[in-house]
$ cat start_3.cif   # mmCIF, C-alpha atoms and all ligand atoms
data_structure
loop_
_atom_site.label_atom_id
_atom_site.label_comp_id
_atom_site.auth_asym_id
_atom_site.auth_seq_id
_atom_site.Cartn_x
_atom_site.Cartn_y
_atom_site.Cartn_z
CA MET N 67 6.19 1.29 54.99
CA LEU N 68 8.21 -1.51 53.49
CA GLU N 69 7.34 -0.32 50.02
CA LYS N 70 8.30 3.24 50.87
CA PHE N 71 11.56 2.05 52.33
CA SER N 72 12.41 0.00 49.29
CA ASN N 73 11.72 3.01 47.09
CA TRP N 74 13.91 5.15 49.26
CA LYS N 75 16.89 2.80 49.15
CA ASP N 76 16.83 3.18 45.44
CA GLY N 77 20.48 2.31 44.89
CA PHE N 78 19.96 -1.30 45.89
CA GLY N 79 20.01 -3.64 42.98
CA LYS N 80 17.88 -1.34 40.85
CA LYS N 81 19.38 -1.98 37.48
CA LYS N 82 19.95 1.03 35.29
CA ASP N 83 21.19 0.78 31.77
CA ALA N 84 24.95 1.02 32.26
CA SER N 85 25.34 2.36 28.75
CA GLU N 86 23.12 5.35 29.50
CA GLU N 87 25.39 8.39 29.12
CA LEU N 88 26.06 10.54 32.15
CA GLU N 89 24.99 14.14 31.79
CA LEU N 90 28.26 15.97 32.20
CA VAL N 91 26.49 19.23 33.06
CA SER N 92 25.16 18.07 36.43
CA ILE N 93 28.13 16.21 37.81
CA PRO N 94 28.34 16.47 41.62
CA LYS N 95 31.18 18.74 42.71
CA HIS N 96 31.96 16.78 45.86
CA VAL N 97 31.43 13.04 46.34
CA ALA N 98 32.09 11.36 49.68
CA ILE N 99 32.40 7.60 50.03
CA ILE N 100 32.16 5.26 53.01
CA MET N 101 34.20 2.36 51.68
CA ASP N 102 32.60 -0.52 53.58
CA GLY N 103 32.63 -4.29 53.32
CA ASN N 104 36.30 -5.17 53.03
CA GLY N 105 36.10 -7.65 55.92
CA ARG N 106 33.02 -9.41 54.55
CA TRP N 107 34.59 -9.59 51.10
CA ALA N 108 37.62 -11.35 52.58
CA LYS N 109 35.49 -13.66 54.72
CA LYS N 110 33.44 -14.73 51.71
CA LYS N 111 36.66 -15.77 50.03
CA GLY N 112 38.07 -17.50 53.13
CA LEU N 113 40.82 -14.88 53.39
CA PRO N 114 42.03 -12.82 56.38
CA ARG N 115 40.35 -9.40 56.80
CA ILE N 116 43.49 -7.57 55.76
CA ALA N 117 43.24 -9.16 52.32
CA GLY N 118 39.94 -7.29 51.97
CA HIS N 119 41.57 -4.00 52.91
CA ARG N 120 44.39 -4.59 50.43
CA GLU N 121 41.86 -5.28 47.68
CA GLY N 122 39.83 -2.26 48.79
CA MET N 123 42.88 -0.08 48.41
CA LYS N 124 43.24 -1.18 44.80
CA VAL N 125 39.78 0.15 44.01
CA ILE N 126 40.74 3.67 45.03
CA ASN N 127 42.89 4.55 42.02
CA LYS N 128 40.19 3.39 39.61
CA ILE N 129 37.60 5.61 41.29
CA VAL N 130 40.01 8.55 41.52
CA ARG N 131 40.72 8.31 37.80
CA LYS N 132 37.03 8.10 36.97
CA ALA N 133 36.17 11.02 39.29
CA ASN N 134 38.86 13.13 37.66
CA GLU N 135 37.69 12.18 34.20
CA LEU N 136 34.11 13.18 35.04
CA GLY N 137 35.20 16.57 36.38
CA ILE N 138 34.30 15.89 40.02
CA GLU N 139 36.19 18.48 42.05
CA THR N 140 36.52 16.72 45.41
CA LEU N 141 36.47 13.06 46.41
CA THR N 142 36.43 12.35 50.15
CA LEU N 143 37.19 8.79 51.22
CA TYR N 144 36.52 7.46 54.72
CA ALA N 145 39.68 5.44 55.22
CA PHE N 146 39.85 5.17 59.04
CA SER N 147 37.42 6.37 61.68
CA THR N 148 38.20 7.36 65.26
CA GLU N 149 36.22 4.23 66.22
CA ASN N 150 38.41 1.92 64.09
CA TRP N 151 41.13 1.96 66.78
CA LYS N 152 38.94 -0.61 68.61
CA ARG N 153 39.84 -3.24 65.99
CA PRO N 154 42.48 -5.92 66.64
CA LYS N 155 45.96 -4.40 66.73
CA ALA N 156 47.18 -6.39 63.72
CA GLU N 157 44.31 -5.03 61.60
CA VAL N 158 44.87 -1.44 62.79
CA ASP N 159 48.59 -1.78 62.04
CA PHE N 160 47.79 -2.97 58.54
CA LEU N 161 45.27 -0.17 57.93
CA MET N 162 47.92 2.31 59.04
CA ARG N 163 50.30 0.86 56.43
CA LEU N 164 47.83 1.41 53.59
CA PRO N 165 48.54 5.11 53.00
CA GLU N 166 52.23 4.26 52.49
CA LEU N 167 51.44 1.30 50.29
CA PHE N 168 48.95 3.28 48.24
CA LEU N 169 50.87 6.53 47.95
CA GLY N 170 54.22 4.75 47.47
CA LYS N 171 52.83 3.23 44.30
CA GLU N 172 50.25 5.77 43.18
CA LEU N 173 51.82 9.15 43.94
CA PRO N 174 53.46 9.44 40.48
CA VAL N 175 50.08 8.64 38.92
CA LEU N 176 48.32 11.20 41.13
CA MET N 177 50.92 13.77 40.01
CA GLU N 178 50.33 12.87 36.38
CA GLU N 179 46.58 13.22 36.92
CA ASN N 180 47.02 16.62 38.64
CA VAL N 181 45.36 15.32 41.83
CA LYS N 182 45.78 17.26 45.08
CA VAL N 183 45.89 15.16 48.27
CA ARG N 184 44.34 16.43 51.51
CA LEU N 185 43.93 14.98 54.98
CA MET N 186 40.82 15.29 57.13
CA GLY N 187 41.19 13.96 60.67
CA SER N 188 43.30 14.13 63.76
CA LYS N 189 47.04 13.73 63.23
CA GLU N 190 47.34 12.78 66.89
CA ASN N 191 47.84 9.02 67.38
CA LEU N 192 48.69 8.43 63.74
CA PRO N 193 51.92 6.39 63.54
CA PRO N 194 54.81 8.54 62.25
CA HIS N 195 55.18 6.41 59.11
CA THR N 196 51.50 6.93 58.22
CA LEU N 197 51.63 10.66 58.79
CA ARG N 198 54.89 10.97 56.86
CA ALA N 199 53.40 9.22 53.82
CA VAL N 200 50.33 11.44 53.79
CA GLU N 201 52.23 14.66 54.47
CA THR N 202 54.72 13.89 51.70
CA ALA N 203 51.82 13.40 49.31
CA ILE N 204 50.17 16.63 50.49
CA THR N 205 53.38 18.60 49.96
CA LYS N 206 54.19 17.05 46.59
CA THR N 207 50.69 17.56 45.22
CA ASN N 208 50.15 20.97 46.77
CA GLU N 209 50.38 22.91 43.50
CA ASN N 210 48.12 20.50 41.61
CA THR N 211 44.84 21.98 40.42
CA GLY N 212 42.76 18.92 39.52
CA LEU N 213 40.66 16.64 41.71
CA ILE N 214 41.07 17.09 45.48
CA LEU N 215 41.51 13.65 47.03
CA ASN N 216 40.52 14.14 50.65
CA PHE N 217 41.44 11.21 52.91
CA ALA N 218 39.38 11.00 56.09
CA LEU N 219 41.89 9.32 58.35
CA ASN N 220 41.44 9.09 62.11
CA TYR N 221 38.29 11.12 61.50
CA GLY N 222 35.11 11.35 63.58
CA GLY N 223 32.23 13.74 62.88
CA ARG N 224 31.28 14.40 66.50
CA THR N 225 34.87 15.13 67.53
CA GLU N 226 35.17 17.48 64.57
CA ILE N 227 32.06 19.42 65.68
CA ILE N 228 33.23 19.54 69.31
CA GLN N 229 36.63 20.89 68.27
CA ALA N 230 35.01 23.58 66.12
CA VAL N 231 32.73 24.60 69.01
CA GLN N 232 35.68 24.71 71.41
CA THR N 233 37.68 26.91 69.01
CA MET N 234 34.78 29.35 68.66
CA ALA N 235 34.07 29.33 72.43
CA LYS N 236 37.71 30.23 73.05
CA GLN N 237 37.46 33.08 70.55
CA VAL N 238 34.39 34.39 72.38
CA GLN N 239 36.17 34.06 75.73
CA GLU N 240 39.15 35.99 74.37
CA GLY N 241 36.87 38.70 73.01
CA LEU N 242 37.86 38.02 69.38
CA ILE N 243 34.25 37.40 68.38
CA THR N 244 30.87 37.82 70.04
CA TYR N 245 28.63 34.78 70.62
CA ASP N 246 26.09 35.98 68.04
CA GLN N 247 28.75 35.96 65.32
CA ILE N 248 28.64 32.18 65.49
CA ASP N 249 26.68 31.17 62.43
CA GLU N 250 26.75 28.43 59.79
CA THR N 251 29.58 30.10 57.88
CA LEU N 252 31.82 30.44 60.93
CA MET N 253 31.00 26.88 61.99
CA ALA N 254 31.89 25.56 58.52
CA ASP N 255 35.14 27.57 58.57
CA ASN N 256 36.15 25.79 61.76
CA LEU N 257 35.43 22.28 60.52
CA MET N 258 38.12 20.07 59.00
CA THR N 259 36.55 20.57 55.57
CA ASN N 260 37.25 24.31 55.77
CA GLN N 261 37.27 25.68 52.17
CA LEU N 262 35.69 22.52 50.73
CA PRO N 263 32.05 22.58 49.62
CA ASP N 264 29.67 20.15 51.34
CA PRO N 265 29.36 16.77 49.60
CA ASP N 266 26.59 16.67 47.00
CA LEU N 267 26.53 12.90 47.05
CA LEU N 268 27.36 10.31 49.70
CA ILE N 269 27.99 6.73 48.63
CA ARG N 270 28.14 3.84 51.10
CA THR N 271 28.90 0.32 50.00
CA SER N 272 28.13 -3.08 51.57
CA GLY N 273 24.42 -2.64 52.39
CA GLU N 274 24.86 -0.71 55.65
CA ILE N 275 22.49 2.24 55.85
CA ARG N 276 23.98 4.58 58.40
CA LEU N 277 26.44 7.45 58.64
CA SER N 278 28.83 5.98 61.21
CA ASN N 279 29.93 9.39 62.49
CA PHE N 280 30.92 10.58 59.02
CA MET N 281 30.67 14.29 58.07
CA LEU N 282 27.63 14.85 60.28
CA TRP N 283 27.45 18.58 59.63
CA GLN N 284 28.46 18.55 55.98
CA LEU N 285 26.00 15.85 54.85
CA ALA N 286 22.92 17.82 55.97
CA TYR N 287 21.62 18.32 52.40
CA SER N 288 23.55 15.65 50.50
CA GLU N 289 21.95 12.94 48.41
CA PHE N 290 22.63 9.44 49.77
CA TRP N 291 23.22 6.40 47.60
CA PHE N 292 23.61 2.96 49.12
CA THR N 293 24.61 -0.24 47.42
CA GLU N 294 25.02 -3.81 48.60
CA VAL N 295 28.21 -4.14 46.57
CA LEU N 296 31.19 -4.68 48.88
CA TRP N 297 33.90 -2.06 48.47
CA PRO N 298 36.53 -4.40 46.93
CA ASP N 299 33.96 -5.26 44.22
CA PHE N 300 33.04 -1.61 43.59
CA THR N 301 33.86 -0.49 40.05
CA GLU N 302 33.66 2.60 37.86
CA ILE N 303 30.32 1.24 36.60
CA HIS N 304 28.83 1.36 40.13
CA PHE N 305 30.28 4.83 40.60
CA GLU N 306 28.63 6.04 37.40
CA GLU N 307 25.38 4.39 38.48
CA ALA N 308 25.44 6.42 41.71
CA ILE N 309 26.06 9.63 39.81
CA ARG N 310 23.34 8.85 37.31
CA GLU N 311 20.92 8.31 40.18
CA TYR N 312 22.06 11.61 41.72
CA GLN N 313 21.32 13.35 38.44
CA HIS N 314 17.75 12.07 38.53
CA ARG N 315 17.02 13.42 41.98
CA GLY N 316 15.72 16.92 42.64
CA ARG N 317 17.53 18.79 45.39
CA ARG N 318 15.32 21.36 47.10
CA TYR N 319 17.37 22.30 50.20
CA GLY N 320 14.18 22.47 52.27
CA GLY N 321 12.32 24.56 49.67
CA VAL N 322 9.51 23.39 47.40
C1 LIG S 1 35.46 -0.82 56.21
O1 LIG S 1 35.34 -2.17 55.91
C2 LIG S 1 36.72 -0.34 55.68
C3 LIG S 1 37.70 0.23 56.41
C4 LIG S 1 37.61 0.43 57.86
C5 LIG S 1 38.95 0.63 55.78
C6 LIG S 1 38.80 1.22 54.44
C7 LIG S 1 40.11 1.42 53.85
C8 LIG S 1 40.40 1.18 52.56
C9 LIG S 1 39.40 0.73 51.58
C10 LIG S 1 41.75 1.43 52.04
C11 LIG S 1 42.31 2.73 52.50
C12 LIG S 1 43.41 3.12 51.68
C13 LIG S 1 44.16 4.20 51.86
C14 LIG S 1 45.10 4.56 50.82
C15 LIG S 1 44.06 5.08 53.03
P1 LIG S 1 35.17 -3.20 57.11
O2 LIG S 1 36.51 -3.70 57.48
O3 LIG S 1 34.42 -2.57 58.23
O4 LIG S 1 34.33 -4.30 56.43
P2 LIG S 1 33.25 -5.24 57.14
O5 LIG S 1 32.13 -4.33 57.60
O6 LIG S 1 32.83 -6.14 56.04
O7 LIG S 1 33.93 -5.95 58.26
#
$ encode --input "start_3.cif" --output "structure tokens"
Amino acid sequence: MLEKFSNWKDGFGKKKDASEELELVSIPKHVAIIMDGNGRWAKKKGLPRIAGHREGMKVINKIVRKANELGIETLTLYAFSTENWKRPKAEVDFLMRLPELFLGKELPVLMEENVKVRLMGSKENLPPHTLRAVETAITKTNENTGLILNFALNYGGRTEIIQAVQTMAKQVQEGLITYDQIDETLMADNLMTNQLPDPDLLIRTSGEIRLSNFMLWQLAYSEFWFTEVLWPDFTEIHFEEAIREYQHRGRRYGGV
């Protein structure tokens, strides 16, 4: 069992030749990342947790640039979950400042790189300054045609599914659809990822091997890649390593 498990968690420490070229023909269209380990990174350095988040934020532009360069179409980043409100107020307040800090500095670069910003999550409860920063970025980048940078902010997978079910139930009740018209396509249309393809690849940093309520519907057939690297230490090299690993896996979608 142990051996099987260690084979399965292939991303861990298994060194690949970093110089091995990526095959640009089988680049995943949509990559989703659970950026984990900021707190532990800070603790290891004797710094407050927010220092880890600040450092984690700095990694984002490097990965966005690399994703764009590789021709990835969508990059979804789990920036704040519906469960993260349980953290100490000072930490939540800081996390809610990050979109402003990031977009204040990086928006011109995102424009230059033709990146289109999107938000996935509930706008309810977001402080006005956070929402304003994200909505400004969404408006300004709306016509861009390059990489879609999808921020999962105040996002929870179960809530997303419940909301979709409620919307469809209401449509049935109002006679707009019949119950048997509810299928995978209609469900997907009602999720917050509406119009986006499902992620081909999920990356989670920091050695945690769980989904933490992230994109529960959309990750049904995705490849998972886990690494012990803490998010603030994550580099373009690790990102390429994940994609290389993805390219070596066969996706069968339940077939043979
Ligand atoms: C998880 O690490 C990380 C988060 C909850 C926040 C992630 C946010 C960023 C990396 C920056 C977001 C930036 C923008 C622009 C929105 P953790 O704190 O749970 O780490 P730990 O498990 O080591 O404590």
$ closest_residue --input "start_3.cif" --among "N:Ile228, N:Ala203, N:Leu219, N:Ile129" --to "ligand LIG 1 (chain S)" --atoms "all atoms listed in the file"
N:Leu219
$ closest_atom_pairs --input "start_3.cif" --of "chain N" --to "ligand LIG 1 (chain S)" --cutoff "9 Å" --atoms "all atoms listed in the file" --output "CSV"
residue,atom,partner,partner_atom,distance
N:Ile100,CA,S:LIG1,C1,7.6
N:Met101,CA,S:LIG1,C2,5.4
N:Asp102,CA,S:LIG1,C1,3.9
N:Gly103,CA,S:LIG1,O6,3.3
N:Asn104,CA,S:LIG1,O4,4.0
N:Gly105,CA,S:LIG1,O6,3.6
N:Arg106,CA,S:LIG1,O6,3.6
N:Trp107,CA,S:LIG1,O6,6.3
N:Ala108,CA,S:LIG1,O6,7.9
N:Lys109,CA,S:LIG1,O6,8.1
N:Arg115,CA,S:LIG1,O2,6.9
N:Ile116,CA,S:LIG1,O2,8.2
N:Gly118,CA,S:LIG1,O2,7.4
N:His119,CA,S:LIG1,C8,5.3
N:Arg120,CA,S:LIG1,C10,6.8
N:Glu121,CA,S:LIG1,C9,7.6
N:Gly122,CA,S:LIG1,C9,4.1
N:Met123,CA,S:LIG1,C10,4.1
N:Lys124,CA,S:LIG1,C10,7.8
N:Val125,CA,S:LIG1,C9,7.6
N:Ile126,CA,S:LIG1,C12,7.2
N:Leu143,CA,S:LIG1,C15,8.0
N:Tyr144,CA,S:LIG1,C6,6.6
N:Ala145,CA,S:LIG1,C7,4.3
N:Phe146,CA,S:LIG1,C4,5.4
N:Ser147,CA,S:LIG1,C4,7.1
N:Asn150,CA,S:LIG1,C4,6.5
N:Glu157,CA,S:LIG1,O2,8.9
N:Val158,CA,S:LIG1,C4,9.0
N:Leu161,CA,S:LIG1,C5,6.7
N:Met162,CA,S:LIG1,C15,7.7
N:Arg163,CA,S:LIG1,C15,8.3
N:Leu164,CA,S:LIG1,C13,4.9
N:Pro165,CA,S:LIG1,C14,4.1
N:Glu166,CA,S:LIG1,C14,7.3
N:Leu167,CA,S:LIG1,C14,7.1
N:Phe168,CA,S:LIG1,C14,4.8
N:Leu169,CA,S:LIG1,C14,6.7
N:Val200,CA,S:LIG1,C15,9.0
N:Phe217,CA,S:LIG1,C15,6.7
N:Ala218,CA,S:LIG1,C15,8.1
N:Leu219,CA,S:LIG1,C15,7.1
N:Ser272,CA,S:LIG1,O6,7.2
N:Glu274,CA,S:LIG1,O5,8.4
N:Leu296,CA,S:LIG1,O6,7.5
N:Trp297,CA,S:LIG1,C9,6.9
N:Pro298,CA,S:LIG1,C9,7.5
$ closest_residue --input "start_3.cif" --among "N:Ile303, N:Thr207, N:Pro265, N:Gly137" --to "Leu282 of chain N" --atoms "all atoms listed in the file"
N:Pro265
$ residues_near_point --input "start_3.cif" --point "(25.2, 15.8, 57.9)" --cutoff "12 Å" --atoms "all atoms listed in the file" --output "count of residues only"
25
$ residues_around --input "start_3.cif" --residues "Ile138 of chain N" --least-positions-apart "6" --cutoff "7 Å" --atoms "only C-alpha atoms" --output "JSON, numbers by chain"
{"N": [93, 94, 95, 96, 213]}
$ atom_distance --input "start_3.cif" --atom1 "atom CA of Val295 of chain N" --atom2 "atom CA of Arg131 of chain N"
19.7 Å
$ residues_near_point --input "start_3.cif" --point "(50.3, 6.7, 39.4)" --cutoff "12 Å" --atoms "only C-alpha atoms" --output "list in words"
Lys124, Ile126, Asn127, Lys128, Val130, Arg131, Phe168, Leu169, Gly170, Lys171, Glu172, Leu173, Pro174, Val175, Leu176, Met177, Glu178, Glu179, Asn180 and Val181 of chain N
$ write_last_selection --input "start_3.cif" --atoms "C-alpha atoms" --output "CSV table (one decimal), in the coordinates of the input"
chain,number,residue,atom,x,y,z
N,124,LYS,CA,43.2,-1.2,44.8
N,126,ILE,CA,40.7,3.7,45.0
N,127,ASN,CA,42.9,4.6,42.0
N,128,LYS,CA,40.2,3.4,39.6
N,130,VAL,CA,40.0,8.6,41.5
N,131,ARG,CA,40.7,8.3,37.8
N,168,PHE,CA,49.0,3.3,48.2
N,169,LEU,CA,50.9,6.5,48.0
N,170,GLY,CA,54.2,4.8,47.5
N,171,LYS,CA,52.8,3.2,44.3
N,172,GLU,CA,50.2,5.8,43.2
N,173,LEU,CA,51.8,9.2,43.9
N,174,PRO,CA,53.5,9.4,40.5
N,175,VAL,CA,50.1,8.6,38.9
N,176,LEU,CA,48.3,11.2,41.1
N,177,MET,CA,50.9,13.8,40.0
N,178,GLU,CA,50.3,12.9,36.4
N,179,GLU,CA,46.6,13.2,36.9
N,180,ASN,CA,47.0,16.6,38.6
N,181,VAL,CA,45.4,15.3,41.8
$ atom_distance --input "start_3.cif" --atom1 "atom CA of Thr293 of chain N" --atom2 "atom CA of His314 of chain N"
16.7 Å
$ atom_distance --input "start_3.cif" --atom1 "atom CA of Tyr319 of chain N" --atom2 "atom CA of Pro263 of chain N"
14.7 Å
$ closest_residue --input "start_3.cif" --among "N:Gln232, N:Asp246, N:Lys182, N:Trp291" --to "Lys206 of chain N" --atoms "only C-alpha atoms"
N:Lys182
$ axis_aligned_box --input "start_3.cif" --around "segment 91-106 of chain N" --padding-each-side "6 Å" --output "AutoDock Vina command-line options"
--center_x 30.7 --center_y 4.9 --center_z 44.5 --size_x 23.1 --size_y 40.6 --size_z 34.9
$ closest_residue --input "start_3.cif" --among "N:Ile204, N:Met253, N:Ser188, N:Asn260" --to "Thr225 of chain N" --atoms "all atoms listed in the file"
N:Ser188
$ decode --input "start_3.cif" --residues "segment 149-160 of chain N" --atoms "N, CA, C and O atoms" --output "mmCIF file, in the first residue's frame"
data_model
loop_
_atom_site.group_PDB
_atom_site.id
_atom_site.type_symbol
_atom_site.label_atom_id
_atom_site.label_comp_id
_atom_site.auth_asym_id
_atom_site.auth_seq_id
_atom_site.Cartn_x
_atom_site.Cartn_y
_atom_site.Cartn_z
ATOM 1 N N GLU N 149 -13.903 29.166 3.985
ATOM 2 C CA GLU N 149 -13.512 28.732 5.336
ATOM 3 C C GLU N 149 -12.434 29.660 5.927
ATOM 4 O O GLU N 149 -12.233 29.683 7.141
ATOM 5 N N ASN N 150 -11.747 30.412 5.073
ATOM 6 C CA ASN N 150 -10.646 31.253 5.565
ATOM 7 C C ASN N 150 -11.114 32.405 6.462
ATOM 8 O O ASN N 150 -10.303 33.019 7.156
ATOM 9 N N TRP N 151 -12.435 32.686 6.466
ATOM 10 C CA TRP N 151 -12.937 33.741 7.363
ATOM 11 C C TRP N 151 -12.703 33.377 8.818
ATOM 12 O O TRP N 151 -12.741 34.241 9.691
ATOM 13 N N LYS N 152 -12.488 32.066 9.100
ATOM 14 C CA LYS N 152 -12.291 31.626 10.491
ATOM 15 C C LYS N 152 -10.919 32.042 11.039
ATOM 16 O O LYS N 152 -10.632 31.852 12.204
ATOM 17 N N ARG N 153 -10.053 32.552 10.187
ATOM 18 C CA ARG N 153 -8.704 32.933 10.642
ATOM 19 C C ARG N 153 -8.746 34.215 11.482
ATOM 20 O O ARG N 153 -9.728 34.946 11.431
ATOM 21 N N PRO N 154 -7.679 34.483 12.240
ATOM 22 C CA PRO N 154 -7.664 35.719 13.036
ATOM 23 C C PRO N 154 -7.960 36.937 12.157
ATOM 24 O O PRO N 154 -7.532 36.977 10.992
ATOM 25 N N LYS N 155 -8.672 37.910 12.737
ATOM 26 C CA LYS N 155 -9.144 39.050 11.962
ATOM 27 C C LYS N 155 -7.978 39.773 11.248
ATOM 28 O O LYS N 155 -8.097 40.159 10.081
ATOM 29 N N ALA N 156 -6.866 39.922 11.959
ATOM 30 C CA ALA N 156 -5.741 40.662 11.364
ATOM 31 C C ALA N 156 -5.255 39.957 10.088
ATOM 32 O O ALA N 156 -4.894 40.609 9.098
ATOM 33 N N GLU N 157 -5.255 38.616 10.124
ATOM 34 C CA GLU N 157 -4.798 37.863 8.942
ATOM 35 C C GLU N 157 -5.813 37.993 7.804
ATOM 36 O O GLU N 157 -5.439 38.196 6.642
ATOM 37 N N VAL N 158 -7.107 37.897 8.150
ATOM 38 C CA VAL N 158 -8.150 38.046 7.124
ATOM 39 C C VAL N 158 -8.053 39.435 6.503
ATOM 40 O O VAL N 158 -8.077 39.586 5.265
ATOM 41 N N ASP N 159 -7.891 40.447 7.353
ATOM 42 C CA ASP N 159 -7.789 41.823 6.841
ATOM 43 C C ASP N 159 -6.614 41.946 5.866
ATOM 44 O O ASP N 159 -6.723 42.560 4.814
ATOM 45 N N PHE N 160 -5.514 41.313 6.222
ATOM 46 C CA PHE N 160 -4.342 41.399 5.341
ATOM 47 C C PHE N 160 -4.617 40.674 4.018
ATOM 48 O O PHE N 160 -4.314 41.203 2.939
#
